[in-house]
Amino acid sequence: MAPEAKHDQLKPVQELLESGVVPEMYLQQLKDEHQVGDGPLPLMDGPIIDFSLLSSFNSEELSKLRSALSTWGCFQLVNHGMTSELLDEIRELSKEFFKLPLEEKEKYSSKGDSLEGYGNDNTIRQGNFNWNDKLHLQVHPEHRRQLEFWPEKPQEFRTTLHEYSNKTKEVSKTLFKAMSRSLKLDENRFFELWGDDKEDIIHARFNFYPRCPSANQVVGLKAHTDGSAITVLLQDKEIEGLQVLKDDQWFKVPIIPEAIIIHVGDQLEIASNGIFKSPVHKVVINPKCDRISLAMLPLPNPEKEIGPLKELITEDRPQMFKRLKDYGQIYFTYMASMERQINAVKINY
Ligand code: OGA
Ligand code: NI
């Protein structure tokens with residue numbers, strides 16, 4: 001590949017759009033995808049879960065949670081205590097950031113192979129490229145923030161992200177406890193895998209999906225699972241795009257403006273010994289409108305060993321995954337070659 005061509009493909013996708021030509025690397029080989037004909041896709045009719053009932057460990061809500069996590073692997077969460085104003089503000093700030101001139105955004109560009117920062121991360125993802133730009137920041141623990149990647153414009157960006165991160169942390173903590181309780185485990189079992197109050201890690205990934213005239217030939221994010229423990233996803237309020245795979249069928253995830261979407265990540269699937277499913281999902285592009293989203297990714301400290309909880313290993317359900325450290329490393333190693341990187345740590349009997 002000519003060096004110029006390479007350089008061109010690594011431009012932010014937003015800039016490619018201006019040239020009016022979609023580089024070949026972004027055109028998807030549709031055979032790679034789980035195509036199911038051309039008809040309109042059904043809407044995900046999975047459960048909507050009430051956070052206020054989960055926090056009081058309401059048994060009906062806990063069984064709804066367990067069923068959602070072991071079938072869809074995701075659900076819409078309402079009454080989570082994050083106000084609609086806060087959700088709208090963070091959506092607005094992220095739109096404003098991506099609207100800034102390129103020179104301004106490039107002050108926060110990723111350097112070398114660092115995960116953090118602004119840009120187009122198709123080099124680490126490999127294979128056909130995603131029609132997606134991102135801003136990736138580690139938000140917890142606070143002493144590990146690399147503020148040089150945190151935008152100073154728009155003005156309220158840092159303070160609002162700080163507030164949103166703290167709320168995400170509270171919500172995640174309660175969710176981990178409810179997830180343990182839903183499996184009749186001591187409430188700290190999943191939470192203690194993820195961290196303690198000083199070292200628990202959360203990454204934030206702001207996604208920007210520019211509109212594309214050839215929308216049906218590109219994909220925002222290819223089919224993937226998340227390598228996190230869980231993902232706390234804030235969707236665009238107006239533009240749909242997220243789809244989840246269940247029983248080999250794609251479903252559109254509907255927009256509920258005040259809800260956040262919770263996904264099981266690979267590391268929770270591992271810890272739950274496969275009871276909770278880390279769902280395959282992807283993002284499609286709109287031909288006329290840009291779309292944003294914000295994925296908050298709580299994940300275990302890479303130095304901590306994780307593996308299926310011993311209470312969840314039984315004669316009927318033998319240990320499905322190896323015990324391991326630093327799943328993130330494994331996830332990126334197999335990113336190009338596997339749709340479900342978790343298969344790399346499966347124990348085959
Ligand atoms: C992700 C992701 C979904 C979306 O960031 O991993 O799947 O709706 N995002 O943008
Ligand atoms: Ni994802």
# chains A, B, ... in the order shown; residues from 1 in each chain; ligands from 1
>>> residues_around(residues="stretch 249-260 of chain A", least_positions_apart="2", cutoff="7 Å", atoms="only C-alpha atoms", output="JSON, numbers by chain")
{"A": [36, 41, 42, 43, 44, 76, 77, 78, 84, 232, 233, 234, 237, 240, 242, 243, 244, 245, 246, 247, 262]}
>>> write_last_selection(atoms="N, CA and C atoms", output="short mmCIF file (atom, residue, chain, number, x, y, z; two decimals), in the first residue's frame")
data_model
loop_
_atom_site.label_atom_id
_atom_site.label_comp_id
_atom_site.auth_asym_id
_atom_site.auth_seq_id
_atom_site.Cartn_x
_atom_site.Cartn_y
_atom_site.Cartn_z
N VAL A 36 -29.43 -11.06 6.88
CA VAL A 36 -30.66 -11.83 6.99
C VAL A 36 -31.71 -11.28 6.03
N LEU A 41 -35.66 -4.65 9.77
CA LEU A 41 -35.31 -5.47 10.93
C LEU A 41 -36.32 -5.27 12.04
N PRO A 42 -36.54 -6.31 12.81
CA PRO A 42 -37.42 -6.15 13.97
C PRO A 42 -36.75 -5.30 15.05
N LEU A 43 -37.57 -4.71 15.91
CA LEU A 43 -37.04 -3.95 17.04
C LEU A 43 -36.75 -4.89 18.19
N MET A 44 -35.70 -4.60 18.93
CA MET A 44 -35.41 -5.38 20.12
C MET A 44 -36.56 -5.15 21.10
N GLN A 76 -32.44 -1.95 28.49
CA GLN A 76 -32.57 -0.49 28.67
C GLN A 76 -32.82 -0.25 30.16
N LEU A 77 -32.09 0.68 30.73
CA LEU A 77 -32.20 0.97 32.16
C LEU A 77 -32.84 2.34 32.35
N VAL A 78 -33.93 2.35 33.12
CA VAL A 78 -34.59 3.64 33.41
C VAL A 78 -34.58 3.91 34.92
N SER A 84 -32.34 13.76 32.93
CA SER A 84 -32.37 13.96 31.47
C SER A 84 -31.51 15.15 31.08
N VAL A 232 -21.91 0.82 29.72
CA VAL A 232 -23.03 1.72 30.03
C VAL A 232 -23.10 2.68 28.85
N LEU A 233 -24.09 2.48 28.00
CA LEU A 233 -24.11 3.19 26.72
C LEU A 233 -25.21 4.25 26.67
N LEU A 234 -24.79 5.45 26.32
CA LEU A 234 -25.75 6.52 26.07
C LEU A 234 -25.87 6.68 24.57
N LYS A 237 -29.99 10.76 20.75
CA LYS A 237 -31.40 10.90 21.11
C LYS A 237 -32.33 10.81 19.90
N GLU A 240 -31.10 6.48 15.19
CA GLU A 240 -30.87 5.08 15.53
C GLU A 240 -29.62 4.58 14.84
N LEU A 242 -27.76 1.43 16.48
CA LEU A 242 -27.26 0.24 17.18
C LEU A 242 -28.15 -0.97 16.89
N GLN A 243 -27.48 -2.11 16.63
CA GLN A 243 -28.22 -3.36 16.42
C GLN A 243 -27.56 -4.47 17.24
N VAL A 244 -28.39 -5.36 17.78
CA VAL A 244 -27.83 -6.52 18.52
C VAL A 244 -28.28 -7.81 17.85
N LEU A 245 -27.40 -8.79 18.00
CA LEU A 245 -27.66 -10.10 17.40
C LEU A 245 -28.20 -11.03 18.47
N LYS A 246 -29.34 -11.66 18.16
CA LYS A 246 -29.85 -12.67 19.10
C LYS A 246 -30.38 -13.82 18.25
N ASP A 247 -29.95 -15.03 18.58
CA ASP A 247 -30.33 -16.22 17.82
C ASP A 247 -30.17 -16.01 16.31
N ILE A 262 -27.48 -1.03 28.96
CA ILE A 262 -26.43 -1.78 29.64
C ILE A 262 -26.16 -3.06 28.84
#
>>> select_by_dssp(residues="stretch 88-163 of chain A", states="strand (DSSP E or B)", output="number ranges by chain")
A: 109, 117-119, 133-140
>>> residues_around(residues="A:Glu163", least_positions_apart="5", cutoff="9 Å", atoms="only C-alpha atoms", output="list in words")
Leu86, Arg158 and Thr168 of chain A
>>> residues_near_ligand(ligand="ligand 2", cutoff="10 Å", atoms="only C-alpha atoms and all ligand atoms", output="PDB file with N, CA, C and O atoms, in the first residue's frame")
ATOM      1  N   ARG A 205     -15.646   6.067  25.875  1.00  0.00           N
ATOM      2  CA  ARG A 205     -15.415   6.148  24.434  1.00  0.00           C
ATOM      3  C   ARG A 205     -16.536   6.963  23.812  1.00  0.00           C
ATOM      4  O   ARG A 205     -17.693   6.523  23.746  1.00  0.00           O
ATOM      5  N   LEU A 221     -19.624   0.552  13.355  1.00  0.00           N
ATOM      6  CA  LEU A 221     -18.752  -0.389  14.072  1.00  0.00           C
ATOM      7  C   LEU A 221     -19.165  -1.775  13.613  1.00  0.00           C
ATOM      8  O   LEU A 221     -20.347  -2.125  13.660  1.00  0.00           O
ATOM      9  N   LYS A 222     -18.174  -2.535  13.155  1.00  0.00           N
ATOM     10  CA  LYS A 222     -18.450  -3.909  12.725  1.00  0.00           C
ATOM     11  C   LYS A 222     -18.958  -4.731  13.893  1.00  0.00           C
ATOM     12  O   LYS A 222     -18.740  -4.371  15.055  1.00  0.00           O
ATOM     13  N   ALA A 223     -19.563  -5.871  13.575  1.00  0.00           N
ATOM     14  CA  ALA A 223     -20.069  -6.757  14.621  1.00  0.00           C
ATOM     15  C   ALA A 223     -18.951  -7.066  15.609  1.00  0.00           C
ATOM     16  O   ALA A 223     -17.849  -7.433  15.204  1.00  0.00           O
ATOM     17  N   HIS A 224     -19.226  -6.861  16.874  1.00  0.00           N
ATOM     18  CA  HIS A 224     -18.213  -7.089  17.915  1.00  0.00           C
ATOM     19  C   HIS A 224     -18.894  -7.309  19.252  1.00  0.00           C
ATOM     20  O   HIS A 224     -20.088  -7.054  19.400  1.00  0.00           O
ATOM     21  N   THR A 225     -18.117  -7.789  20.218  1.00  0.00           N
ATOM     22  CA  THR A 225     -18.578  -7.758  21.609  1.00  0.00           C
ATOM     23  C   THR A 225     -17.666  -6.774  22.319  1.00  0.00           C
ATOM     24  O   THR A 225     -16.604  -6.417  21.808  1.00  0.00           O
ATOM     25  N   ASP A 226     -18.064  -6.306  23.500  1.00  0.00           N
ATOM     26  CA  ASP A 226     -17.219  -5.367  24.233  1.00  0.00           C
ATOM     27  C   ASP A 226     -16.304  -6.142  25.179  1.00  0.00           C
ATOM     28  O   ASP A 226     -16.725  -7.138  25.784  1.00  0.00           O
ATOM     29  N   GLY A 227     -15.065  -5.676  25.325  1.00  0.00           N
ATOM     30  CA  GLY A 227     -14.096  -6.366  26.180  1.00  0.00           C
ATOM     31  C   GLY A 227     -14.166  -5.945  27.642  1.00  0.00           C
ATOM     32  O   GLY A 227     -13.369  -6.386  28.461  1.00  0.00           O
ATOM     33  N   SER A 228     -15.150  -5.115  27.968  1.00  0.00           N
ATOM     34  CA  SER A 228     -15.295  -4.576  29.319  1.00  0.00           C
ATOM     35  C   SER A 228     -15.932  -5.599  30.263  1.00  0.00           C
ATOM     36  O   SER A 228     -16.214  -6.733  29.875  1.00  0.00           O
ATOM     37  N   THR A 231     -20.913  -2.495  29.759  1.00  0.00           N
ATOM     38  CA  THR A 231     -20.866  -1.220  29.051  1.00  0.00           C
ATOM     39  C   THR A 231     -22.121  -0.437  29.390  1.00  0.00           C
ATOM     40  O   THR A 231     -23.222  -0.996  29.395  1.00  0.00           O
ATOM     41  N   VAL A 232     -21.909   0.821  29.719  1.00  0.00           N
ATOM     42  CA  VAL A 232     -23.025   1.721  30.027  1.00  0.00           C
ATOM     43  C   VAL A 232     -23.102   2.682  28.846  1.00  0.00           C
ATOM     44  O   VAL A 232     -22.238   3.543  28.688  1.00  0.00           O
ATOM     45  N   LEU A 233     -24.092   2.479  27.996  1.00  0.00           N
ATOM     46  CA  LEU A 233     -24.110   3.191  26.716  1.00  0.00           C
ATOM     47  C   LEU A 233     -25.206   4.250  26.668  1.00  0.00           C
ATOM     48  O   LEU A 233     -26.373   3.954  26.908  1.00  0.00           O
ATOM     49  N   LEU A 242     -27.757   1.429  16.482  1.00  0.00           N
ATOM     50  CA  LEU A 242     -27.262   0.241  17.181  1.00  0.00           C
ATOM     51  C   LEU A 242     -28.149  -0.969  16.885  1.00  0.00           C
ATOM     52  O   LEU A 242     -29.376  -0.864  16.889  1.00  0.00           O
ATOM     53  N   VAL A 244     -28.387  -5.358  17.785  1.00  0.00           N
ATOM     54  CA  VAL A 244     -27.832  -6.515  18.517  1.00  0.00           C
ATOM     55  C   VAL A 244     -28.282  -7.813  17.854  1.00  0.00           C
ATOM     56  O   VAL A 244     -29.371  -7.894  17.278  1.00  0.00           O
ATOM     57  N   HIS A 263     -24.881  -3.258  28.513  1.00  0.00           N
ATOM     58  CA  HIS A 263     -24.453  -4.480  27.834  1.00  0.00           C
ATOM     59  C   HIS A 263     -23.605  -5.305  28.779  1.00  0.00           C
ATOM     60  O   HIS A 263     -22.771  -4.745  29.486  1.00  0.00           O
ATOM     61  N   VAL A 264     -23.713  -6.609  28.708  1.00  0.00           N
ATOM     62  CA  VAL A 264     -22.726  -7.478  29.338  1.00  0.00           C
ATOM     63  C   VAL A 264     -21.461  -7.393  28.490  1.00  0.00           C
ATOM     64  O   VAL A 264     -21.528  -7.447  27.267  1.00  0.00           O
ATOM     65  N   GLY A 265     -20.295  -7.244  29.132  1.00  0.00           N
ATOM     66  CA  GLY A 265     -19.018  -7.308  28.403  1.00  0.00           C
ATOM     67  C   GLY A 265     -18.422  -8.704  28.562  1.00  0.00           C
ATOM     68  O   GLY A 265     -18.871  -9.489  29.407  1.00  0.00           O
ATOM     69  N   SER A 278     -22.327 -11.911  26.564  1.00  0.00           N
ATOM     70  CA  SER A 278     -21.803 -10.662  26.012  1.00  0.00           C
ATOM     71  C   SER A 278     -22.305 -10.569  24.560  1.00  0.00           C
ATOM     72  O   SER A 278     -21.892 -11.352  23.710  1.00  0.00           O
ATOM     73  N   PRO A 279     -23.237  -9.661  24.277  1.00  0.00           N
ATOM     74  CA  PRO A 279     -23.923  -9.721  22.979  1.00  0.00           C
ATOM     75  C   PRO A 279     -23.077  -9.187  21.824  1.00  0.00           C
ATOM     76  O   PRO A 279     -22.334  -8.209  21.982  1.00  0.00           O
ATOM     77  N   VAL A 280     -23.194  -9.827  20.677  1.00  0.00           N
ATOM     78  CA  VAL A 280     -22.602  -9.295  19.451  1.00  0.00           C
ATOM     79  C   VAL A 280     -23.491  -8.130  19.011  1.00  0.00           C
ATOM     80  O   VAL A 280     -24.718  -8.250  18.968  1.00  0.00           O
ATOM     81  N   HIS A 281     -22.877  -7.009  18.727  1.00  0.00           N
ATOM     82  CA  HIS A 281     -23.645  -5.849  18.280  1.00  0.00           C
ATOM     83  C   HIS A 281     -22.858  -5.084  17.239  1.00  0.00           C
ATOM     84  O   HIS A 281     -21.657  -5.283  17.093  1.00  0.00           O
ATOM     85  N   LYS A 282     -23.544  -4.227  16.498  1.00  0.00           N
ATOM     86  CA  LYS A 282     -22.863  -3.407  15.490  1.00  0.00           C
ATOM     87  C   LYS A 282     -23.612  -2.084  15.351  1.00  0.00           C
ATOM     88  O   LYS A 282     -24.704  -1.909  15.918  1.00  0.00           O
ATOM     89  N   VAL A 283     -23.005  -1.185  14.605  1.00  0.00           N
ATOM     90  CA  VAL A 283     -23.627   0.125  14.416  1.00  0.00           C
ATOM     91  C   VAL A 283     -23.718   0.410  12.922  1.00  0.00           C
ATOM     92  O   VAL A 283     -22.721   0.261  12.203  1.00  0.00           O
ATOM     93  N   ALA A 295     -19.919   5.400  25.159  1.00  0.00           N
ATOM     94  CA  ALA A 295     -19.839   4.102  25.846  1.00  0.00           C
ATOM     95  C   ALA A 295     -18.916   4.257  27.051  1.00  0.00           C
ATOM     96  O   ALA A 295     -17.759   4.651  26.898  1.00  0.00           O
ATOM     97  N   LEU A 297     -17.029   2.242  29.986  1.00  0.00           N
ATOM     98  CA  LEU A 297     -16.587   0.857  30.060  1.00  0.00           C
ATOM     99  C   LEU A 297     -15.884   0.544  31.387  1.00  0.00           C
ATOM    100  O   LEU A 297     -14.668   0.722  31.498  1.00  0.00           O
TER     101      LEU A 297
END
>>> atom_distance(atom1="atom CA of A:Lys310", atom2="atom CA of A:Met335")
28.5 Å
>>> closest_residue(among="A:Asn120, A:Gln155, A:Gln235, A:Gln329", to="ligand 1", atoms="only C-alpha atoms and all ligand atoms")
A:Gln235
>>> closest_residue(among="A:Asp290, A:Glu24, A:Glu148, A:Asp45", to="ligand 1", atoms="only C-alpha atoms and all ligand atoms")
A:Asp290
>>> select_by_dssp(residues="stretch 21-171 of chain A", states="helix (DSSP H, G or I)", output="number ranges by chain")
A: 24-26, 30-32, 51-55, 59-71, 84-99, 102-108, 122-125, 142-144, 147-149, 157-171
